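Report on one structure; see the data block that follows.
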Amino acid sequence: MEFRETRRRSILKTIIWRMIAILNSYVILVSATTDDALLNALFMNLTGFIIYYFYERVSNQISYGKIEVEE
């Protein structure tokens, strides 16, 4: 079975992801992992990459806004 997303689902996923990404950035910057801005940016991107992977895996399990497409 193949699905496509409704616009509402795409917008909702985008808003939720941006909130998660902002929270991730905030936690990294507040914790001041290092004094080096480049290392903090790399760490922020690495954690964002990992969090996004799991975010997509979870969102794929949610059926809201999915429309079945005939092949």
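Here, A, B, ... name the chains of the structure tokens in the order displayed, residue numbers run from 1 inside each chain, and ligands are numbered from 1 in the same displayed order.
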
query = If you count only C-alpha atoms, which residues fall within 8 Å of range 46-56 of chain A, apart from same-chain ones fewer than 6 positions away, as a ChimeraX atom specification?
reply = /A:17,21,24

In chain A, DSSP alpha helix (DSSP H) residues written as number ranges by chain = A: 7-31, 37-60

key: strand (DSSP E) residues, from DSSP on the backbone, in chain A, as a list in words   = Glu2, Phe3, Arg4, Glu5, Lys66, Ile67, Glu68 and Val69 of chain A

task = Skip Val27 in chain A itself and residues of its chain fewer than 4 positions away, then list as a PyMOL selection string all residues within 12 Å of it, counting only C-alpha atoms.
result = chain A and resi 20-23+31-33+40+43-44+47-48

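Between CA of Val58 in chain A and CA of Ile28 in chain A the interatomic distance comes to 22.9 Å.
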
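Within 8 Å of Arg9 in chain A, once only C-alpha atoms are used and residues closer than 5 positions along the same chain are dropped, the contacting residues are Tyr64, Gly65 and Lys66 of chain A.
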
Take the residues from that selection and put them in a file with C-alpha atoms, as a CSV table (one decimal), in the first residue's frame.
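The resulting file, part.csv, is reproduced below:
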```csv
chain,number,residue,atom,x,y,z
A,64,TYR,CA,-3.4,11.0,10.6
A,65,GLY,CA,-3.3,12.8,7.2
A,66,LYS,CA,-2.3,9.9,5.1
```

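For the pair CA of Glu68 in chain A and CA of Lys13 in chain A, the separation is 18.3 Å.
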
key: Interatomic distance (Å, one decimal) between CA of Gln61 in chain A and CA of Met19 in chain A   = 19.7 Å

task = List the neighbours of Val69 in chain A out to 9 Å using only C-alpha atoms; skip same-chain residues closer than 6 positions along the sequence, and give me the result as a list of chain:residue names.
result = A:Met1, A:Glu2, A:Phe3, A:Arg4

With all heavy atoms retained, write the just-selected residues as a compact mmCIF listing (two decimals), in the first residue's frame.
```txt
# COMPACT_ATOMS: atom_id res chain seq x y z
N MET A 1 0.82 -1.17 0.00
CA MET A 1 0.00 0.00 0.00
C MET A 1 0.88 1.25 0.00
O MET A 1 1.81 1.34 0.76
CB MET A 1 -0.86 0.00 1.26
CG MET A 1 -2.31 0.03 0.98
SD MET A 1 -3.28 0.12 2.49
CE MET A 1 -3.20 -1.55 3.07
N GLU A 2 0.55 2.19 -0.82
CA GLU A 2 1.28 3.46 -0.85
C GLU A 2 0.37 4.56 -0.34
O GLU A 2 -0.84 4.51 -0.51
CB GLU A 2 1.75 3.77 -2.27
CG GLU A 2 2.85 2.85 -2.70
CD GLU A 2 3.72 3.50 -3.75
OE1 GLU A 2 3.76 4.74 -3.81
OE2 GLU A 2 4.35 2.76 -4.49
N PHE A 3 1.00 5.53 0.29
CA PHE A 3 0.26 6.66 0.84
C PHE A 3 0.87 7.96 0.36
O PHE A 3 2.03 8.02 0.01
CB PHE A 3 0.31 6.64 2.38
CG PHE A 3 -0.36 5.45 2.99
CD1 PHE A 3 0.36 4.31 3.29
CD2 PHE A 3 -1.71 5.48 3.27
CE1 PHE A 3 -0.26 3.21 3.85
CE2 PHE A 3 -2.34 4.40 3.83
CZ PHE A 3 -1.62 3.26 4.13
N ARG A 4 0.06 9.00 0.41
CA ARG A 4 0.58 10.35 0.23
C ARG A 4 0.08 11.16 1.41
O ARG A 4 -0.92 10.83 2.02
CB ARG A 4 0.18 10.95 -1.10
CG ARG A 4 -1.25 11.38 -1.22
CD ARG A 4 -1.46 12.15 -2.54
NE ARG A 4 -2.81 12.65 -2.59
CZ ARG A 4 -3.22 13.82 -2.08
NH1 ARG A 4 -2.36 14.60 -1.48
NH2 ARG A 4 -4.48 14.20 -2.17
```
